[in-house]
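Each remark here refers to the structure printed beneath this line.
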Amino acid sequence: MTPADAVIEIRNLHKSYGPLEVLKGVSVTARRGDVVSLIGSSGSGKSTLLRCCNLLEDSQQGEILFKGEPVRWSGQGAARRPADPKQVLRIRTTLSMVFQQFNLWAHMTILQNVMEAPLTVLGRPRDEVEAAARGYLDKVGIGDKADAWPGQLSGGQQQRAAIARALCMEPEALLFDEPTSALDPELEQEVVRVIRDLAEEGRTMILVTHDMKMARDVSDQVIFLHQGLIEEEGAPDRLFDAPQSARLQGFLRSTM
Ligand code: ADP
Ligand code: MG
């Protein structure tokens, strides 16, 4: 593996909220085209790890590299912060995040939601952004909803709009935090289908999910987090069919 193959590389990351140590030395690599799924009980640190990836959270120890480029830090321990705001912005704008609760702007149409960040953050030309936005809405199957308001859409349609919005930033990688958890089972599948399509076209993704079937279907690698440490990781078939650790065995039983 050359450094450029790794879109995101996390080495020995430690993260605390005050006295609570949430990540206790976690290493994760997502190579170009990889789908890495994070599974584990509530509170095990999955969302925190995802938020550390795009520097929404500080961390106290360890390294984060983006396409081989290390994040530069100033200060140490509890005082450690990214040293260069421009580097943070550049990294964050090329890692698009999709949240459990969609987080669409209610006062903007679906098309405006998708166009907003490419226009204002990247400063791309409006006609080019609109064409791309319409293309991504078509891609996720809601091209006919461009002029609707978020409140007029089902949860599954809103989440697909949020995915189109993430794609319109032309990101190097997509970060998903429980993208199907807020959806009724019958709406979950339309979002799973979109995520599977993205995996098949070779997108780099880190996916936090409680949906073990989706994790098995779309992942190249699955990581089981337990209390801020990687308890077990591996290819999905191996991990789900032959879990080694008693904790993972127990966790998988609890999800069936
Ligand atoms: P998961 O996504 O696996 O459910 P989280 O990463 O959200 O877990 O949380 C891991 C731990 O960190 C939990 O104990 C949670 O209560 C704590 N935590 C998360 N966010 C904060 C925060 N902003 N301040 C304090 N503690 C937090
Ligand atoms: Mg979470």
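Convention: chains lettered A, B, ... in structure tokens order; per-chain residue numbering from 1; ligands numbered from 1 as shown.
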**Request:** Please identify the residues whose atoms come within 12 Å of ligand 1, using only C-alpha atoms and all ligand atoms, and report them as an MDAnalysis selection string.
**Result:** chainID A and resid 15:24 38:52 56:58 99:100 176:178 181 207:210 223:230
**Spatial neighbours of Arg92 of chain A, max dist 10 Å, only C-alpha atoms, sep filter under 2 positions, as a ChimeraX atom specification** = /A:53-56,86-90,94-97,171
**Asked** So, counting only C-alpha atoms, which residue among A:Arg203, A:Lys139, A:Arg193, A:Arg238 is closest to Leu174 of chain A?
**Response**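 Closest residue, counting only C-alpha atoms: A:Arg203.
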Can you pull out every residue from segment 64-247 of chain A that DSSP, working from the backbone, puts in strand (DSSP E), and format the result as an mmCIF file with N, CA and C atoms, in the first residue's frame?
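Here's the written file result-v7.cif:
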```cif
data_model
loop_
_atom_site.group_PDB
_atom_site.id
_atom_site.type_symbol
_atom_site.label_atom_id
_atom_site.label_comp_id
_atom_site.auth_asym_id
_atom_site.auth_seq_id
_atom_site.Cartn_x
_atom_site.Cartn_y
_atom_site.Cartn_z
ATOM 1 N N ILE A 64 -3.905 11.480 12.636
ATOM 2 C CA ILE A 64 -4.931 11.370 11.607
ATOM 3 C C ILE A 64 -4.276 11.818 10.308
ATOM 4 N N LEU A 65 -4.283 10.933 9.319
ATOM 5 C CA LEU A 65 -3.693 11.286 8.028
ATOM 6 C C LEU A 65 -4.775 11.248 6.967
ATOM 7 N N PHE A 66 -4.681 12.189 6.088
ATOM 8 C CA PHE A 66 -5.646 12.302 5.023
ATOM 9 C C PHE A 66 -4.884 12.218 3.704
ATOM 10 N N GLU A 69 -1.355 12.810 4.179
ATOM 11 C CA GLU A 69 -0.967 14.095 4.771
ATOM 12 C C GLU A 69 -1.394 14.136 6.238
ATOM 13 N N PRO A 70 -0.432 14.226 7.160
ATOM 14 C CA PRO A 70 -0.827 14.229 8.566
ATOM 15 C C PRO A 70 -1.485 15.538 8.978
ATOM 16 N N TRP A 73 -0.838 19.445 14.502
ATOM 17 C CA TRP A 73 -1.442 19.807 15.787
ATOM 18 C C TRP A 73 -0.614 20.895 16.463
ATOM 19 N N SER A 74 -1.291 21.664 17.301
ATOM 20 C CA SER A 74 -0.551 22.519 18.224
ATOM 21 C C SER A 74 -1.018 22.168 19.630
ATOM 22 N N ARG A 81 -4.962 20.923 19.613
ATOM 23 C CA ARG A 81 -5.931 21.363 18.605
ATOM 24 C C ARG A 81 -5.246 21.302 17.240
ATOM 25 N N PRO A 82 -6.045 21.155 16.150
ATOM 26 C CA PRO A 82 -5.431 21.289 14.821
ATOM 27 C C PRO A 82 -4.776 22.661 14.697
ATOM 28 N N LEU A 95 -14.561 15.353 3.008
ATOM 29 C CA LEU A 95 -15.150 14.199 3.695
ATOM 30 C C LEU A 95 -16.589 14.574 4.028
ATOM 31 N N SER A 96 -17.543 14.080 3.274
ATOM 32 C CA SER A 96 -18.939 14.468 3.507
ATOM 33 C C SER A 96 -19.591 13.526 4.494
ATOM 34 N N MET A 97 -20.328 14.103 5.422
ATOM 35 C CA MET A 97 -20.955 13.311 6.471
ATOM 36 C C MET A 97 -22.473 13.241 6.256
ATOM 37 N N VAL A 98 -23.033 12.079 6.504
ATOM 38 C CA VAL A 98 -24.490 11.888 6.466
ATOM 39 C C VAL A 98 -24.920 11.403 7.849
ATOM 40 N N ALA A 173 -14.338 10.937 0.374
ATOM 41 C CA ALA A 173 -14.933 9.839 1.130
ATOM 42 C C ALA A 173 -16.221 10.315 1.774
ATOM 43 N N LEU A 174 -17.110 9.345 2.013
ATOM 44 C CA LEU A 174 -18.380 9.623 2.679
ATOM 45 C C LEU A 174 -18.358 8.983 4.064
ATOM 46 N N LEU A 175 -18.834 9.724 5.049
ATOM 47 C CA LEU A 175 -18.927 9.211 6.413
ATOM 48 C C LEU A 175 -20.405 9.142 6.782
ATOM 49 N N PHE A 176 -20.867 7.942 7.112
ATOM 50 C CA PHE A 176 -22.289 7.758 7.446
ATOM 51 C C PHE A 176 -22.419 7.401 8.921
ATOM 52 N N ASP A 177 -23.247 8.143 9.650
ATOM 53 C CA ASP A 177 -23.495 7.784 11.053
ATOM 54 C C ASP A 177 -24.929 7.284 11.208
ATOM 55 N N MET A 205 -15.883 4.795 1.867
ATOM 56 C CA MET A 205 -16.890 5.123 2.888
ATOM 57 C C MET A 205 -16.518 4.532 4.241
ATOM 58 N N ILE A 206 -16.842 5.271 5.278
ATOM 59 C CA ILE A 206 -16.842 4.718 6.634
ATOM 60 C C ILE A 206 -18.282 4.798 7.111
ATOM 61 N N LEU A 207 -18.787 3.670 7.547
ATOM 62 C CA LEU A 207 -20.216 3.519 7.795
ATOM 63 C C LEU A 207 -20.441 3.002 9.205
ATOM 64 N N VAL A 208 -21.032 3.829 10.052
ATOM 65 C CA VAL A 208 -21.487 3.360 11.357
ATOM 66 C C VAL A 208 -22.900 2.845 11.178
ATOM 67 N N GLN A 221 -14.395 -4.248 5.069
ATOM 68 C CA GLN A 221 -13.842 -4.516 6.390
ATOM 69 C C GLN A 221 -14.856 -4.085 7.435
ATOM 70 N N VAL A 222 -14.974 -4.867 8.492
ATOM 71 C CA VAL A 222 -15.878 -4.521 9.583
ATOM 72 C C VAL A 222 -15.061 -4.442 10.866
ATOM 73 N N ILE A 223 -15.322 -3.395 11.639
ATOM 74 C CA ILE A 223 -14.602 -3.168 12.892
ATOM 75 C C ILE A 223 -15.608 -3.169 14.024
ATOM 76 N N PHE A 224 -15.364 -4.011 15.013
ATOM 77 C CA PHE A 224 -16.230 -4.071 16.189
ATOM 78 C C PHE A 224 -15.560 -3.311 17.315
ATOM 79 N N LEU A 225 -16.194 -2.212 17.708
ATOM 80 C CA LEU A 225 -15.662 -1.388 18.807
ATOM 81 C C LEU A 225 -16.327 -1.805 20.107
ATOM 82 N N HIS A 226 -15.522 -1.870 21.149
ATOM 83 C CA HIS A 226 -16.062 -2.136 22.483
ATOM 84 C C HIS A 226 -15.367 -1.208 23.471
ATOM 85 N N LEU A 229 -12.186 0.619 22.262
ATOM 86 C CA LEU A 229 -11.080 -0.152 21.688
ATOM 87 C C LEU A 229 -11.623 -1.072 20.594
ATOM 88 N N ILE A 230 -10.779 -1.396 19.616
ATOM 89 C CA ILE A 230 -11.172 -2.375 18.616
ATOM 90 C C ILE A 230 -11.039 -3.756 19.238
ATOM 91 N N GLU A 231 -12.175 -4.394 19.383
ATOM 92 C CA GLU A 231 -12.189 -5.731 19.996
ATOM 93 C C GLU A 231 -11.892 -6.797 18.935
ATOM 94 N N GLU A 232 -12.413 -6.550 17.707
ATOM 95 C CA GLU A 232 -12.178 -7.508 16.637
ATOM 96 C C GLU A 232 -12.444 -6.814 15.307
ATOM 97 N N GLU A 233 -11.700 -7.188 14.274
ATOM 98 C CA GLU A 233 -11.949 -6.622 12.943
ATOM 99 C C GLU A 233 -11.609 -7.666 11.887
ATOM 100 N N GLY A 234 -12.205 -7.496 10.719
ATOM 101 C CA GLY A 234 -11.906 -8.442 9.659
ATOM 102 C C GLY A 234 -12.866 -8.288 8.496
#
```
**Message:** Calculated over only C-alpha atoms and all ligand atoms, which of the candidates A:Arg124, A:Gly155, A:Asp237, A:Pro179 has the smallest distance to ligand 2?
**Reply:** A:Pro179
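Straight-line separation from atom CA of Glu63 of chain A to atom CA of Arg11 of chain A: 5.0 Å.
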**Prompt:** Excluding same-chain residues fewer than 6 positions from Ala30 of chain A, what lies within 7 Å of it counting only C-alpha atoms, as a ChimeraX atom specification?
**Reply:** /A:6-9,36
**Of the listed residues A:Ser254, A:Gln159, A:Gln244, A:Gln101, that which approaches ligand 2 most closely, counting only C-alpha atoms and all ligand atoms** =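 Ranked by minimum distance to ligand 2, first place goes to A:Gln101.
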**Message:** Run DSSP on the backbone and tell me which residues of segment 72-229 of chain A come out as helix (DSSP H, G or I); list them as a ChimeraX atom specification.
**Reply:** /A:77-79,85-93,110-120,126-139,143-145,150-152,155-167,185-200,212-218
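Proximity to Ala79 of chain A was assessed for A:Ser59, A:Pro243, A:Gly250, A:Thr93 counting only C-alpha atoms; the smallest distance is recorded for A:Ser59.
Atom CA of Thr204 of chain A sits 5.0 Å away from atom CA of Asp34 of chain A.
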